Amino acid sequence: MSEKPVKLACRNLWKLFGDGAARFVARHGAGADAAAIQAAGLIGAVRNVNIDVRQDEIFVIMGLSGSGKSTLVRCLSRLIEPTSGQILFDGRDLLRASTREMIEIRRHKMGMVFQHFALLPHLNVLQNVAFPLEVQGVPRDKREARAREIIELVGLGGRESYFPRELSGGQQQRVGIARSLAVEPDIWFLDEPFSALDPLIRREMQDEFLRLQNMLHKTIVFITHDFDEAIRLADRIAIMKDGEMVQVATPEELVLNPATDYVAEFTRDVSRAKVLSAGSVMGPVLRESETAGTVSQRARVAQIAHQVEAADKPFAVVDAEGRIVGSIDRRRVVNVLIGRDAGA
Amino acid sequence: MTIAGRRLTPWAAFWLAAAIASFFLAAHGASMTAAIDAGWAMQYPAAWRWPLNAQISAAMKWLVEEVHFHFFTFTEMTRGLAWLLKQPYDFIRSLLVGGFVRGLGRDAVQLLPSLSWLAVVFIVAAMGYYARSWRLALLVAGCFLYLAVFGKWNSAMVTLSSILIAVPLGVVGGLLLGIAGYRWRPFDRVLTPALDLMQTVPIFAYLVPILFLFGFGPVSALIATVIYAMPPMVRVTTLAMRAVPSEIRDFAVMVGCSRRQMTWKVLVPAATPSLMVGVNQVIMLSLNMVIIASMIGAGGLGFEVLSSLRRLDIGAGLEAGIAIVVLAIALDRLSQAFAQRSGYRHSESSNYLTRHPWLVTTALVVLGTGLAGLFVPALQDYPASATVTTAPFWSDLVRSINIAFFDQFEAAKVFMLVNILMPVKRFMLALPWPWLVLLATIAGWQLGGWRLATLCLGLSVFIAVNGLWELAMVTIYLCGISVAIAAMIGIPLGILATENAHAQRIVGAIIDTLQTLPSFVYLIPVVMLFRVGDFAAMIAVILYALAPAVRYTAHGIRNIDPQLIEAGIVSGCTRRQLLWRIKMPLAMPEIMLGINQTIMLALSMLVITALVGTRDLGQEVYIALTKADVGRGLVAGAAIAFIAIIADRLISAGAARTRQRLGLA
Ligand SMILES: Nc1ncnc2c1ncn2[C@@H]1O[C@H](COP(=O)(O)OP(=O)(O)OP(=O)(O)O)[C@@H](O)[C@H]1O
Ligand SMILES: [Mg+2]
């Protein structure tokens, strides 16, 4: 995965709200701390953030309410102007792009899904999904054909002539997703797309989302404040606190090596079995006669727990090439399941 | 200091002292100022007057007679504009009444007849059905049939044609200005006070300059109507655009909308339901203008009311007035139904004709009655022999009421005049003007700091230096008493409306009706029963200005957090305690805003009551209109506007404070 090129990156990105923000950053540079910002009467929504989003990965930004997640994606898409820093999209600085160029980039390369759906109330499902193409001037029959295709894809076939208020929340967000995919964007921003939905529907939409991503392979920046959602979906998770990036890592690394107490606090109530892989909890290599079978080192503990628990003997852990790299037995699985430290 | 066991705040103590001082000044001010040779404080000296009205008149004269741009004069330009407006008006008018003719007078040849009355009734009924239901179709058809049966068809169609031009102009103009205000903050900052002025300067005041620029006739009336009816549309537009959720705006940017696409494909359509509220307002205000517009040549129903009022022909006036109301009800219900309908519904059928069966049928009826009308005149024009008139009935009714109840009416009138109106008026006129200017300034300072204080000072001094102080006092006294009485009736009605659903329906129906009536219509029954004078004016003002007091009170009480009321019930409040301890205090900011609106309506009505012989600023404006004195009209109009602005700013600031204190903001 790490060989994939970087699609979108930001360097030393700052966004301060309030008068005189630009002057403040110019004067203090990257060294400004929270107290100085507050003393200047400013709000530090995004402070000196650096991230790299790689092609085809699901990059989840996570943090409590007010930690600056929305501000960060809005900076990345230039919906709001950052106070300072660089945003590199395919290696090109977005902040240098003219209004005209930005319109072109947004029309063809970016898609965004909103927390409250942001559907146009006066258009029906078909027209809503076709709207981004309409804006580009795509002829009617062509854009409607494309829209029907995607509506089918998100499972809303047959509801093309419904108006948004005639749909349930989950269905509305499906329309929002379909609409953002209509232009086949290179990068797909989702700002808490499922937060306004009931837990059951949310779950269903997450599955739907993973199904789509398996087909489409988009580069995704996904915002959530729900850690369970983050670990279900993420290739990598970036944790924000008070506008700063605290840690960027895979879900597993976050659980195993939290960079700060804040991150540890986040990961504490997480079901570790769903995050930890066999490879990260395995024991020493055993002889073949002592094992009941093999499991992949990438497999999550929760996935193999039944299998290991039911067998008398431990399982051998193998890597992607099938080489045996360790073993896992009942005790290790139980340790993970009940949250006991491995050493105990 | 404590009074009756309650501690007075410093401000309350100040105002108590100021009130006592005012009574003292009213009693002895004249003799005191005479003693120290300060008569200027009682009566603003003529020598100190600022000749603003003469200056404005001169400027107007210069504009009309002297100014010319390279190829044409200013007057030619305005007359050209008038010609431009006249074309669509003439077209619609020919379509509705009179038909299309070539040539003039005797030689006129009719090329095409106008729409037959049957066709018009059918069209509005079809619109009612399309917008909502059969019931609405029947209602509007009934309204239009009424116009035909009672012989008001032609006048009503003349009025309708000017409405049909004024409303689109007002809506489109308001929409464009509103969008401009939304897009450019600096423009908005200029626009907002301009709109404030447009809505507070009485209509009569700008009739004169319009007459000067565009001449007497339907076009001038159209322009006045548009100016009067447009401001709410501008405000509604700006507000509606701002209220579009920010996510939708972000979405539009993210799909790469240009500014134009953003406005016309996203914001305006998304704001349509709110915008329709503005359209409804424009329609109602245009109808409100119908009678006043007929003073500068609109003709139609308005002219009928005006001329019968001048002849004191009560029956005819009432009949025409009712016709306006009927027209207003039809248009109001129709436009409201269209507004709600713009909450889109989906239809499965894709065939245009099957989706719009009403369109085809209507076209057939229009053609059919048009052709049939060539052979059967009764189908084209409603036969005059079949009309009914109720005028004699109304005249007789009024006469018998007057005969039967003359003594009671007279007694009530005399009682009010002697015990309330006259003493208050004398009191207001006896106060030295610098004292009142001082009090207004202090009130401004208390409620809104030095900015508001400066505003109050400047505006009230303007009234004094233009020599309008005494007229302004008469205005304030009439307005004050009317508003006080309106509040005393309106607030209890508002409370009643929140008590149970039944009361709510009845009160709601009364208020809806009162609000649909054009202001002029109130004059008719009042003149019938009380003839002319301050008392008649007061009754008309109270009736006209009652609605907001009721509406806002009910709204304020309904909007109280139900938990607070439950908390009151749980802690054992009686109904009375619930009302006085919880509902009233919490609804107070809202009630204050209602009173504010009542004051605004009262002031605008006072100008119209000049026709029944008040002696205030309104009369001054009306006189200026009859004498075509631009400066005099505008200055007196501005004085009324300034009174309105002072009241509005003080009350709004007070309401905002109260809301803050209650933690509602
Ligand atoms: N337009 C603005 N003006 C001033 N401050 C703002 C503005 N937008 C956001 N902020 C502030 O910036 C900070 C970050 O806000 P942001 O909306 O990015 O948080 P978030 O992580 O998305 O939170 P949530 O989960 O509630 O959406 C907050 O303190 C917020 O108050
Ligand atoms: Mg957010």
# chains A, B, ... in the order shown; residues from 1 in each chain; ligands from 1

$ residues_near_ligand --ligand "ligand 2" --cutoff "7 Å" --atoms "only C-alpha atoms and all ligand atoms" --output "number ranges by chain"
A: 65, 69-70, 191

$ closest_atom_pairs --of "chain A" --to "chain B" --cutoff "8 Å" --atoms "only C-alpha atoms" --output "Markdown table"
| residue | atom | partner | partner_atom | distance |
| --- | --- | --- | --- | --- |
| A:Ser77 | CA | B:Met254 | CA | 7.8 |
| A:Leu79 | CA | B:Asp250 | CA | 6.8 |
| A:Met102 | CA | B:Gly256 | CA | 7.7 |
| A:Ile103 | CA | B:Gly256 | CA | 4.5 |
| A:Glu104 | CA | B:Gly256 | CA | 6.7 |
| A:Ile105 | CA | B:Gly256 | CA | 7.9 |
| A:Arg106 | CA | B:Gly256 | CA | 5.2 |
| A:Arg107 | CA | B:Gly256 | CA | 4.8 |
| A:Met110 | CA | B:Met254 | CA | 7.2 |
| A:Gly111 | CA | B:Met254 | CA | 7.0 |
| A:Met112 | CA | B:Met254 | CA | 6.9 |
| A:Phe114 | CA | B:Glu247 | CA | 6.9 |
| A:His116 | CA | B:Glu247 | CA | 7.4 |
| A:Phe117 | CA | B:Glu247 | CA | 8.0 |
| A:Ala118 | CA | B:Ile248 | CA | 4.8 |
| A:Leu119 | CA | B:Ile248 | CA | 7.0 |
| A:Leu120 | CA | B:Ala270 | CA | 6.3 |
| A:Pro121 | CA | B:Ala270 | CA | 6.1 |
| A:His122 | CA | B:Ala270 | CA | 6.2 |
| A:Asn124 | CA | B:His346 | CA | 7.7 |
| A:Pro132 | CA | B:Val255 | CA | 5.4 |
| A:Val135 | CA | B:Cys257 | CA | 6.2 |
| A:Gln136 | CA | B:Gly256 | CA | 7.9 |
| A:Ser161 | CA | B:His346 | CA | 6.1 |
| A:Tyr162 | CA | B:His346 | CA | 5.8 |
| A:Phe163 | CA | B:His346 | CA | 6.5 |

$ residues_near_ligand --ligand "ligand 1" --cutoff "9 Å" --atoms "only C-alpha atoms and all ligand atoms" --output "VMD selection string"
chain A and resid 15 to 18 42 to 46 62 to 74 80 115 191 to 192 223 to 225 240 to 243

$ closest_residue --among "A:Ala249, A:Val221, A:Val113, A:Ile338" --to "Phe194 of chain A" --atoms "only C-alpha atoms"
A:Val113

$ residues_around --residues "Phe405 of chain B" --least-positions-apart "6" --cutoff "10 Å" --atoms "only C-alpha atoms" --output "NGL selection string"
:B and (399 or 411 or 529)

$ write_last_selection --atoms "N, CA, C and O atoms" --output "tab-separated table (two decimals), in the first residue's frame"
chain	number	residue	atom	x	y	z
B	399	ARG	N	-78.44	54.50	7.14
B	399	ARG	CA	-79.36	55.55	7.61
B	399	ARG	C	-80.14	55.06	8.83
B	399	ARG	O	-80.25	55.75	9.83
B	411	ALA	N	-72.91	59.94	21.94
B	411	ALA	CA	-72.48	59.99	23.34
B	411	ALA	C	-71.09	59.39	23.50
B	411	ALA	O	-70.22	59.97	24.16
B	529	LEU	N	-70.57	55.98	10.20
B	529	LEU	CA	-71.11	55.99	11.55
B	529	LEU	C	-70.69	57.21	12.35
B	529	LEU	O	-71.42	57.67	13.21

$ residues_around --residues "Gln43 of chain B" --least-positions-apart "2" --cutoff "8 Å" --atoms "only C-alpha atoms" --output "list in words"
Gly39, Trp40, Ala41, Pro45, Pro432 and Trp433 of chain B

$ residues_around --residues "Leu367 of chain B" --least-positions-apart "6" --cutoff "10 Å" --atoms "only C-alpha atoms" --output "VMD selection string"
chain B and resid 115 to 116 119 361 373

$ residues_around --residues "Leu13 of chain A" --least-positions-apart "4" --cutoff "9 Å" --atoms "only C-alpha atoms" --output "list of chain:residue names"
A:Val46, A:Arg47, A:Asn48, A:Val49, A:Asn50, A:Leu72, A:Cys75, A:Pro82, A:Thr83, A:Ser84, A:Gly85, A:Gln86, A:Ile87

$ write_last_selection --atoms "C-alpha atoms" --output "PDB file, in the first residue's frame"
ATOM      1  CA  VAL A  46      -6.436  24.118  11.827  1.00  0.00           C
ATOM      2  CA  ARG A  47      -2.914  24.470  13.149  1.00  0.00           C
ATOM      3  CA  ASN A  48       0.142  23.487  11.188  1.00  0.00           C
ATOM      4  CA  VAL A  49      -1.260  20.304   9.710  1.00  0.00           C
ATOM      5  CA  ASN A  50       0.722  18.023   7.390  1.00  0.00           C
ATOM      6  CA  LEU A  72      -9.528  20.939   7.378  1.00  0.00           C
ATOM      7  CA  CYS A  75      -9.417  23.902   3.270  1.00  0.00           C
ATOM      8  CA  PRO A  82      -6.464  28.560   4.358  1.00  0.00           C
ATOM      9  CA  THR A  83      -4.591  31.252   6.243  1.00  0.00           C
ATOM     10  CA  SER A  84      -1.274  29.847   5.099  1.00  0.00           C
ATOM     11  CA  GLY A  85       0.371  26.660   3.886  1.00  0.00           C
ATOM     12  CA  GLN A  86       0.302  24.527   0.791  1.00  0.00           C
ATOM     13  CA  ILE A  87      -2.205  22.069  -0.618  1.00  0.00           C
TER      14      ILE A  87
END

$ atom_distance --atom1 "atom CA of Gly480 of chain B" --atom2 "atom CA of Ala430 of chain B"
16.3 Å

$ select_by_dssp --residues "segment 50-264 of chain A" --states "strand (DSSP E or B)" --output "VMD selection string"
chain A and resid 50 to 54 58 to 62 84 to 89 92 to 93 110 to 113 187 to 191 219 to 224 236 to 241 244 to 249

$ residues_around --residues "Leu8 of chain A" --least-positions-apart "5" --cutoff "8 Å" --atoms "only C-alpha atoms" --output "ChimeraX atom specification"
/A:52-54,87-91

$ write_last_selection --atoms "N, CA, C and O atoms" --output "PDB file, in the first residue's frame"
ATOM      1  N   ASP A  52      -0.517  13.295   4.111  1.00  0.00           N
ATOM      2  CA  ASP A  52      -0.401  12.758   2.763  1.00  0.00           C
ATOM      3  C   ASP A  52      -1.503  11.739   2.577  1.00  0.00           C
ATOM      4  O   ASP A  52      -1.577  10.771   3.320  1.00  0.00           O
ATOM      5  N   VAL A  53      -2.344  11.967   1.585  1.00  0.00           N
ATOM      6  CA  VAL A  53      -3.384  10.992   1.285  1.00  0.00           C
ATOM      7  C   VAL A  53      -2.949  10.275   0.025  1.00  0.00           C
ATOM      8  O   VAL A  53      -2.691  10.909  -1.005  1.00  0.00           O
ATOM      9  N   ARG A  54      -2.844   8.932   0.114  1.00  0.00           N
ATOM     10  CA  ARG A  54      -2.329   8.200  -1.037  1.00  0.00           C
ATOM     11  C   ARG A  54      -3.461   7.751  -1.923  1.00  0.00           C
ATOM     12  O   ARG A  54      -4.611   7.618  -1.496  1.00  0.00           O
ATOM     13  N   ILE A  87      -1.390  23.253  -0.392  1.00  0.00           N
ATOM     14  CA  ILE A  87      -2.205  22.069  -0.618  1.00  0.00           C
ATOM     15  C   ILE A  87      -1.780  21.506  -1.962  1.00  0.00           C
ATOM     16  O   ILE A  87      -1.871  22.188  -2.985  1.00  0.00           O
ATOM     17  N   LEU A  88      -1.262  20.293  -1.952  1.00  0.00           N
ATOM     18  CA  LEU A  88      -0.741  19.718  -3.179  1.00  0.00           C
ATOM     19  C   LEU A  88      -1.701  18.649  -3.670  1.00  0.00           C
ATOM     20  O   LEU A  88      -1.943  17.654  -2.993  1.00  0.00           O
ATOM     21  N   PHE A  89      -2.257  18.880  -4.863  1.00  0.00           N
ATOM     22  CA  PHE A  89      -3.177  17.930  -5.470  1.00  0.00           C
ATOM     23  C   PHE A  89      -2.493  17.416  -6.721  1.00  0.00           C
ATOM     24  O   PHE A  89      -2.220  18.198  -7.638  1.00  0.00           O
ATOM     25  N   ASP A  90      -2.160  16.130  -6.743  1.00  0.00           N
ATOM     26  CA  ASP A  90      -1.336  15.583  -7.819  1.00  0.00           C
ATOM     27  C   ASP A  90      -0.062  16.403  -7.979  1.00  0.00           C
ATOM     28  O   ASP A  90       0.382  16.685  -9.091  1.00  0.00           O
ATOM     29  N   GLY A  91       0.506  16.839  -6.872  1.00  0.00           N
ATOM     30  CA  GLY A  91       1.769  17.561  -6.901  1.00  0.00           C
ATOM     31  C   GLY A  91       1.667  19.036  -7.241  1.00  0.00           C
ATOM     32  O   GLY A  91       2.654  19.754  -7.267  1.00  0.00           O
TER      33      GLY A  91
END

$ decode --residues "segment 285-296 of chain A" --atoms "N, CA and C atoms" --output "mmCIF file, in the first residue's frame"
data_model
loop_
_atom_site.group_PDB
_atom_site.id
_atom_site.type_symbol
_atom_site.label_atom_id
_atom_site.label_comp_id
_atom_site.auth_asym_id
_atom_site.auth_seq_id
_atom_site.Cartn_x
_atom_site.Cartn_y
_atom_site.Cartn_z
ATOM 1 N N VAL A 285 7.107 -19.391 16.516
ATOM 2 C CA VAL A 285 6.827 -20.395 15.495
ATOM 3 C C VAL A 285 6.850 -21.777 16.136
ATOM 4 N N LEU A 286 5.871 -22.611 15.806
ATOM 5 C CA LEU A 286 5.823 -23.970 16.358
ATOM 6 C C LEU A 286 6.019 -24.977 15.230
ATOM 7 N N ARG A 287 6.283 -26.195 15.637
ATOM 8 C CA ARG A 287 6.405 -27.225 14.620
ATOM 9 C C ARG A 287 5.029 -27.503 14.025
ATOM 10 N N GLU A 288 5.027 -28.021 12.773
ATOM 11 C CA GLU A 288 3.768 -28.184 12.059
ATOM 12 C C GLU A 288 2.823 -29.160 12.760
ATOM 13 N N SER A 289 3.424 -30.192 13.390
ATOM 14 C CA SER A 289 2.583 -31.203 14.031
ATOM 15 C C SER A 289 1.837 -30.626 15.230
ATOM 16 N N GLU A 290 2.326 -29.514 15.774
ATOM 17 C CA GLU A 290 1.684 -28.927 16.961
ATOM 18 C C GLU A 290 0.530 -27.981 16.605
ATOM 19 N N THR A 291 0.316 -27.717 15.294
ATOM 20 C CA THR A 291 -0.719 -26.752 14.923
ATOM 21 C C THR A 291 -1.887 -27.444 14.241
ATOM 22 N N ALA A 292 -3.081 -26.762 14.355
ATOM 23 C CA ALA A 292 -4.311 -27.334 13.792
ATOM 24 C C ALA A 292 -4.552 -26.850 12.377
ATOM 25 N N GLY A 293 -3.867 -25.778 11.945
ATOM 26 C CA GLY A 293 -4.079 -25.238 10.609
ATOM 27 C C GLY A 293 -3.356 -23.913 10.492
ATOM 28 N N THR A 294 -3.702 -23.107 9.461
ATOM 29 C CA THR A 294 -3.019 -21.826 9.306
ATOM 30 C C THR A 294 -4.055 -20.701 9.254
ATOM 31 N N VAL A 295 -3.613 -19.522 9.703
ATOM 32 C CA VAL A 295 -4.422 -18.305 9.529
ATOM 33 C C VAL A 295 -3.495 -17.222 8.977
ATOM 34 N N SER A 296 -4.075 -16.268 8.242
ATOM 35 C CA SER A 296 -3.266 -15.188 7.670
ATOM 36 C C SER A 296 -2.853 -14.216 8.775
#
